[in-house]
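Here is the structure we will look at, set down as structure tokens.
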Amino acid sequence: MRHPSLVPLSHDHHHGLALALRCRKQALGQLKPMGAAGLRERAKELVDFFNANLIAHFRAEEEILFPLMRTAVPGSAALLDELLGQHEQLRQAVPKLVTGSGLAKLIFDVGDLLERHIRKEERELFSLFEAHVDAARAEAVGAELKKILNEGGREG
Ligand SMILES: [Fe+2]
Ligand SMILES: [Fe+2]
């Protein structure tokens with residue numbers, strides 16, 4: 001079971017994985033509406049999800065969780081650098097989704113990247129957190145994460 005401090009992040013991950021799957025299906029023509037209209041719909045959904053959830057989510061990870069892990073688990077540096085690089089790639093995709101050219105490939109690639117990123121955090125980062133961070137520290141981090149995640153006025 002997920003550590004309670006990580007549950008709000010996992011909640012976003014759950015929604016992110018569902019969206020990533022819709023993106024890949026859309027790009028492959030397996031989701032209605034087909035063609036340009038469907039691609040524009042998915043692009044908008046991605047941009048909306050980014051603005052409503054991922055901006056605060058990335059901030060919570062980059063300001064609270066990743067620095068803690070860098071200190072608590074010295075062996076996690078390479079993983080953290082890779083995750084940060086993926087955040088940057090996802091951020092850079094947003095203006096392209098708004099511009100809207102070459103959407104099929106872009107939406108497929110963003111869906112693929114988002115899924116790989118989330119699975120890496122869930123399987124590798126969160127497992128390291130649960131194995132190495134002591135209870136008191138984990139609880140404190142959970143409160144700090146929640147604070148940032150709730151600043152956007154969204155739920156849980
Ligand atoms: Fe992340
Ligand atoms: Fe995440």
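Residues in the structure tokens are numbered from 1 in each chain, the chains being A, B, ... in the order shown, and ligands are numbered from 1 in the order shown.
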Do you have, as JSON lines, the list of residues of chain A lying at most 10 Å from ligand 1, each with its nearest atom pair and that distance in Å to one decimal, counting only C-alpha atoms and all ligand atoms and ordered by chain then number?
```
{"residue": "A:Leu9", "atom": "CA", "partner": "ligand 1", "partner_atom_place_in_ligand_line": "1 (Fe)", "distance": 8.9}
{"residue": "A:His13", "atom": "CA", "partner": "ligand 1", "partner_atom_place_in_ligand_line": "1 (Fe)", "distance": 8.8}
{"residue": "A:Leu54", "atom": "CA", "partner": "ligand 1", "partner_atom_place_in_ligand_line": "1 (Fe)", "distance": 8.4}
{"residue": "A:His57", "atom": "CA", "partner": "ligand 1", "partner_atom_place_in_ligand_line": "1 (Fe)", "distance": 7.2}
{"residue": "A:Phe58", "atom": "CA", "partner": "ligand 1", "partner_atom_place_in_ligand_line": "1 (Fe)", "distance": 5.6}
{"residue": "A:Arg59", "atom": "CA", "partner": "ligand 1", "partner_atom_place_in_ligand_line": "1 (Fe)", "distance": 8.9}
{"residue": "A:Ala60", "atom": "CA", "partner": "ligand 1", "partner_atom_place_in_ligand_line": "1 (Fe)", "distance": 9.0}
{"residue": "A:Glu61", "atom": "CA", "partner": "ligand 1", "partner_atom_place_in_ligand_line": "1 (Fe)", "distance": 6.3}
{"residue": "A:Glu62", "atom": "CA", "partner": "ligand 1", "partner_atom_place_in_ligand_line": "1 (Fe)", "distance": 8.0}
{"residue": "A:Leu65", "atom": "CA", "partner": "ligand 1", "partner_atom_place_in_ligand_line": "1 (Fe)", "distance": 9.7}
{"residue": "A:Phe66", "atom": "CA", "partner": "ligand 1", "partner_atom_place_in_ligand_line": "1 (Fe)", "distance": 9.2}
{"residue": "A:Leu80", "atom": "CA", "partner": "ligand 1", "partner_atom_place_in_ligand_line": "1 (Fe)", "distance": 9.3}
{"residue": "A:Glu82", "atom": "CA", "partner": "ligand 1", "partner_atom_place_in_ligand_line": "1 (Fe)", "distance": 9.9}
{"residue": "A:Leu83", "atom": "CA", "partner": "ligand 1", "partner_atom_place_in_ligand_line": "1 (Fe)", "distance": 6.1}
{"residue": "A:Leu84", "atom": "CA", "partner": "ligand 1", "partner_atom_place_in_ligand_line": "1 (Fe)", "distance": 7.2}
{"residue": "A:Gly85", "atom": "CA", "partner": "ligand 1", "partner_atom_place_in_ligand_line": "1 (Fe)", "distance": 9.6}
{"residue": "A:Gln86", "atom": "CA", "partner": "ligand 1", "partner_atom_place_in_ligand_line": "1 (Fe)", "distance": 7.6}
{"residue": "A:His87", "atom": "CA", "partner": "ligand 1", "partner_atom_place_in_ligand_line": "1 (Fe)", "distance": 6.1}
{"residue": "A:Glu88", "atom": "CA", "partner": "ligand 1", "partner_atom_place_in_ligand_line": "1 (Fe)", "distance": 9.8}
{"residue": "A:Leu90", "atom": "CA", "partner": "ligand 1", "partner_atom_place_in_ligand_line": "1 (Fe)", "distance": 9.7}
{"residue": "A:Leu114", "atom": "CA", "partner": "ligand 1", "partner_atom_place_in_ligand_line": "1 (Fe)", "distance": 8.8}
{"residue": "A:His117", "atom": "CA", "partner": "ligand 1", "partner_atom_place_in_ligand_line": "1 (Fe)", "distance": 6.5}
{"residue": "A:Ile118", "atom": "CA", "partner": "ligand 1", "partner_atom_place_in_ligand_line": "1 (Fe)", "distance": 6.6}
{"residue": "A:Arg119", "atom": "CA", "partner": "ligand 1", "partner_atom_place_in_ligand_line": "1 (Fe)", "distance": 9.7}
{"residue": "A:Lys120", "atom": "CA", "partner": "ligand 1", "partner_atom_place_in_ligand_line": "1 (Fe)", "distance": 8.8}
{"residue": "A:Glu121", "atom": "CA", "partner": "ligand 1", "partner_atom_place_in_ligand_line": "1 (Fe)", "distance": 6.6}
{"residue": "A:Glu122", "atom": "CA", "partner": "ligand 1", "partner_atom_place_in_ligand_line": "1 (Fe)", "distance": 9.5}
{"residue": "A:Leu125", "atom": "CA", "partner": "ligand 1", "partner_atom_place_in_ligand_line": "1 (Fe)", "distance": 9.7}
```
Inset, instruction - Could you pull out the residues in segment 2-154 of chain A that DSSP calls alpha helix (DSSP H) from the backbone, as a PyMOL selection string? - result: chain A and resi 7-27+35-49+55-60+66-72+77-99+103-120+126-132+135-151
Legend entry - Using only C-alpha atoms: which of A:Ser10, A:Ser5, A:Asn53, A:Gln26 has the shortest distance to Leu149 of chain A: A:Asn53
Legend entry - Minimum-distance residue to ligand 2, chosen among A:Leu19, A:Leu28, A:Val94, A:Ile55 (using only C-alpha atoms and all ligand atoms): A:Ile55
Legend entry - Option closest in space to ligand 2, from A:Ala37, A:Arg137, A:Pro95, A:Glu124 [counting only C-alpha atoms and all ligand atoms]: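 That would be A:Glu124, the residue with the smallest distance to ligand 2.
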Contacts of Arg40 of chain A at 12 Å or less, counting only C-alpha atoms, minus same-chain residues fewer than 6 places along, as an mmCIF file with all heavy atoms, in the first residue's frame?
```
data_model
loop_
_atom_site.group_PDB
_atom_site.id
_atom_site.type_symbol
_atom_site.label_atom_id
_atom_site.label_comp_id
_atom_site.auth_asym_id
_atom_site.auth_seq_id
_atom_site.Cartn_x
_atom_site.Cartn_y
_atom_site.Cartn_z
ATOM 1 N N CYS A 23 -4.676 9.476 -24.833
ATOM 2 C CA CYS A 23 -3.843 10.169 -25.819
ATOM 3 C C CYS A 23 -3.283 9.192 -26.846
ATOM 4 O O CYS A 23 -3.325 9.448 -28.053
ATOM 5 C CB CYS A 23 -2.670 10.871 -25.127
ATOM 6 S SG CYS A 23 -3.175 12.341 -24.239
ATOM 7 N N GLN A 26 -6.069 7.933 -29.070
ATOM 8 C CA GLN A 26 -6.509 8.982 -29.991
ATOM 9 C C GLN A 26 -5.543 9.093 -31.161
ATOM 10 O O GLN A 26 -5.950 9.168 -32.318
ATOM 11 C CB GLN A 26 -6.576 10.324 -29.247
ATOM 12 C CG GLN A 26 -7.288 11.416 -30.024
ATOM 13 C CD GLN A 26 -8.795 11.245 -29.953
ATOM 14 O OE1 GLN A 26 -9.355 11.254 -28.876
ATOM 15 N NE2 GLN A 26 -9.437 11.063 -31.088
ATOM 16 N N ALA A 27 -4.265 9.104 -30.821
ATOM 17 C CA ALA A 27 -3.248 9.264 -31.862
ATOM 18 C C ALA A 27 -3.264 8.087 -32.829
ATOM 19 O O ALA A 27 -2.928 8.232 -34.007
ATOM 20 C CB ALA A 27 -1.865 9.407 -31.213
ATOM 21 N N LYS A 32 -13.094 7.939 -30.559
ATOM 22 C CA LYS A 32 -13.931 8.925 -31.245
ATOM 23 C C LYS A 32 -13.950 10.227 -30.459
ATOM 24 O O LYS A 32 -13.894 10.176 -29.242
ATOM 25 C CB LYS A 32 -15.356 8.379 -31.400
ATOM 26 C CG LYS A 32 -15.463 7.314 -32.465
ATOM 27 C CD LYS A 32 -16.887 6.784 -32.535
ATOM 28 C CE LYS A 32 -16.945 5.633 -33.543
ATOM 29 N NZ LYS A 32 -18.211 4.908 -33.480
ATOM 30 N N PRO A 33 -14.121 11.387 -31.072
ATOM 31 C CA PRO A 33 -14.156 11.561 -32.530
ATOM 32 C C PRO A 33 -12.785 11.327 -33.167
ATOM 33 O O PRO A 33 -11.773 11.715 -32.602
ATOM 34 C CB PRO A 33 -14.584 13.025 -32.680
ATOM 35 C CG PRO A 33 -14.170 13.690 -31.404
ATOM 36 C CD PRO A 33 -14.233 12.646 -30.348
ATOM 37 N N MET A 34 -12.767 10.718 -34.337
ATOM 38 C CA MET A 34 -11.516 10.452 -35.043
ATOM 39 C C MET A 34 -10.989 11.738 -35.668
ATOM 40 O O MET A 34 -11.685 12.731 -35.766
ATOM 41 C CB MET A 34 -11.755 9.445 -36.175
ATOM 42 C CG MET A 34 -12.466 8.190 -35.731
ATOM 43 S SD MET A 34 -11.349 7.050 -34.935
ATOM 44 C CE MET A 34 -12.251 5.516 -35.144
ATOM 45 N N LEU A 46 -5.109 17.627 -22.390
ATOM 46 C CA LEU A 46 -3.750 17.598 -21.837
ATOM 47 C C LEU A 46 -3.356 18.954 -21.255
ATOM 48 O O LEU A 46 -2.808 19.033 -20.151
ATOM 49 C CB LEU A 46 -2.748 17.226 -22.938
ATOM 50 C CG LEU A 46 -2.426 15.750 -23.145
ATOM 51 C CD1 LEU A 46 -1.579 15.578 -24.395
ATOM 52 C CD2 LEU A 46 -1.696 15.168 -21.931
ATOM 53 N N VAL A 47 -3.624 20.014 -22.004
ATOM 54 C CA VAL A 47 -3.256 21.347 -21.540
ATOM 55 C C VAL A 47 -4.036 21.694 -20.263
ATOM 56 O O VAL A 47 -3.471 22.231 -19.301
ATOM 57 C CB VAL A 47 -3.499 22.411 -22.643
ATOM 58 C CG1 VAL A 47 -3.275 23.820 -22.111
ATOM 59 C CG2 VAL A 47 -2.583 22.147 -23.835
ATOM 60 N N LYS A 96 3.450 23.601 -27.609
ATOM 61 C CA LYS A 96 3.268 22.938 -28.905
ATOM 62 C C LYS A 96 1.857 22.364 -29.037
ATOM 63 O O LYS A 96 1.281 22.357 -30.122
ATOM 64 C CB LYS A 96 4.283 21.815 -29.086
ATOM 65 C CG LYS A 96 5.725 22.314 -29.144
ATOM 66 C CD LYS A 96 6.687 21.140 -29.309
ATOM 67 C CE LYS A 96 8.095 21.535 -28.883
ATOM 68 N NZ LYS A 96 8.930 20.356 -28.586
ATOM 69 N N LEU A 97 1.312 21.890 -27.912
ATOM 70 C CA LEU A 97 -0.062 21.365 -27.936
ATOM 71 C C LEU A 97 -1.047 22.491 -28.212
ATOM 72 O O LEU A 97 -2.085 22.297 -28.834
ATOM 73 C CB LEU A 97 -0.403 20.703 -26.595
ATOM 74 C CG LEU A 97 0.256 19.350 -26.323
ATOM 75 C CD1 LEU A 97 0.179 19.005 -24.842
ATOM 76 C CD2 LEU A 97 -0.387 18.255 -27.158
ATOM 77 N N VAL A 98 -0.717 23.685 -27.723
ATOM 78 C CA VAL A 98 -1.583 24.845 -27.940
ATOM 79 C C VAL A 98 -1.508 25.275 -29.394
ATOM 80 O O VAL A 98 -2.520 25.574 -30.020
ATOM 81 C CB VAL A 98 -1.183 26.005 -26.992
ATOM 82 C CG1 VAL A 98 -1.980 27.257 -27.310
ATOM 83 C CG2 VAL A 98 -1.384 25.592 -25.536
ATOM 84 N N THR A 99 -0.297 25.294 -29.961
ATOM 85 C CA THR A 99 -0.111 25.692 -31.360
ATOM 86 C C THR A 99 -0.836 24.734 -32.295
ATOM 87 O O THR A 99 -1.466 25.146 -33.267
ATOM 88 C CB THR A 99 1.386 25.700 -31.729
ATOM 89 O OG1 THR A 99 2.094 26.333 -30.677
ATOM 90 C CG2 THR A 99 1.630 26.430 -33.022
ATOM 91 N N GLY A 100 -0.707 23.429 -32.001
ATOM 92 C CA GLY A 100 -1.565 22.462 -32.667
ATOM 93 C C GLY A 100 -1.164 21.979 -34.042
ATOM 94 O O GLY A 100 -2.012 21.575 -34.810
ATOM 95 N N SER A 101 0.135 21.952 -34.386
ATOM 96 C CA SER A 101 0.506 21.310 -35.651
ATOM 97 C C SER A 101 1.219 19.984 -35.350
ATOM 98 O O SER A 101 1.889 19.848 -34.331
ATOM 99 C CB SER A 101 1.398 22.237 -36.478
ATOM 100 O OG SER A 101 2.577 22.527 -35.777
ATOM 101 N N GLY A 102 1.030 19.011 -36.229
ATOM 102 C CA GLY A 102 1.618 17.687 -36.015
ATOM 103 C C GLY A 102 1.095 17.027 -34.755
ATOM 104 O O GLY A 102 1.834 16.356 -34.034
ATOM 105 N N LEU A 103 -0.203 17.221 -34.501
ATOM 106 C CA LEU A 103 -0.769 16.807 -33.213
ATOM 107 C C LEU A 103 -0.746 15.302 -32.965
ATOM 108 O O LEU A 103 -0.546 14.874 -31.836
ATOM 109 C CB LEU A 103 -2.207 17.324 -33.088
ATOM 110 C CG LEU A 103 -2.384 18.716 -32.471
ATOM 111 C CD1 LEU A 103 -3.872 18.997 -32.298
ATOM 112 C CD2 LEU A 103 -1.659 18.847 -31.139
ATOM 113 N N ALA A 104 -0.947 14.489 -34.005
ATOM 114 C CA ALA A 104 -1.042 13.043 -33.767
ATOM 115 C C ALA A 104 0.240 12.513 -33.135
ATOM 116 O O ALA A 104 0.213 11.835 -32.103
ATOM 117 C CB ALA A 104 -1.350 12.308 -35.069
ATOM 118 N N LEU A 106 2.642 14.275 -31.719
ATOM 119 C CA LEU A 106 2.905 14.974 -30.455
ATOM 120 C C LEU A 106 2.086 14.371 -29.315
ATOM 121 O O LEU A 106 2.612 14.102 -28.228
ATOM 122 C CB LEU A 106 2.578 16.462 -30.631
ATOM 123 C CG LEU A 106 2.827 17.355 -29.410
ATOM 124 C CD1 LEU A 106 4.303 17.337 -29.015
ATOM 125 C CD2 LEU A 106 2.385 18.789 -29.702
ATOM 126 N N ILE A 107 0.805 14.145 -29.570
ATOM 127 C CA ILE A 107 -0.068 13.605 -28.527
ATOM 128 C C ILE A 107 0.341 12.182 -28.158
ATOM 129 O O ILE A 107 0.344 11.803 -26.988
ATOM 130 C CB ILE A 107 -1.546 13.685 -28.973
ATOM 131 C CG1 ILE A 107 -2.004 15.141 -28.868
ATOM 132 C CG2 ILE A 107 -2.438 12.781 -28.134
ATOM 133 C CD1 ILE A 107 -3.377 15.406 -29.429
#
```
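Across the model, the gap from atom CA of Gly16 of chain A to atom CA of Leu39 of chain A is 17.2 Å.
Here atom CA of Glu130 of chain A stands at a distance of 17.5 Å from atom CA of Lys146 of chain A.
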Inset, instruction - Can you work out which one of A:Ile148, A:Leu68, A:Val110, A:Met1 has the shortest atom-to-atom distance to Phe129 of chain A, counting only C-alpha atoms? - result: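 Checking each candidate against Phe129 of chain A, we get A:Leu68 as the closest.
Among A:Ala43, A:Ser127, A:Glu139, A:Ala56, the residue with the shortest atom-to-atom distance to Ala93 of chain A, counting only C-alpha atoms, is A:Ala43.
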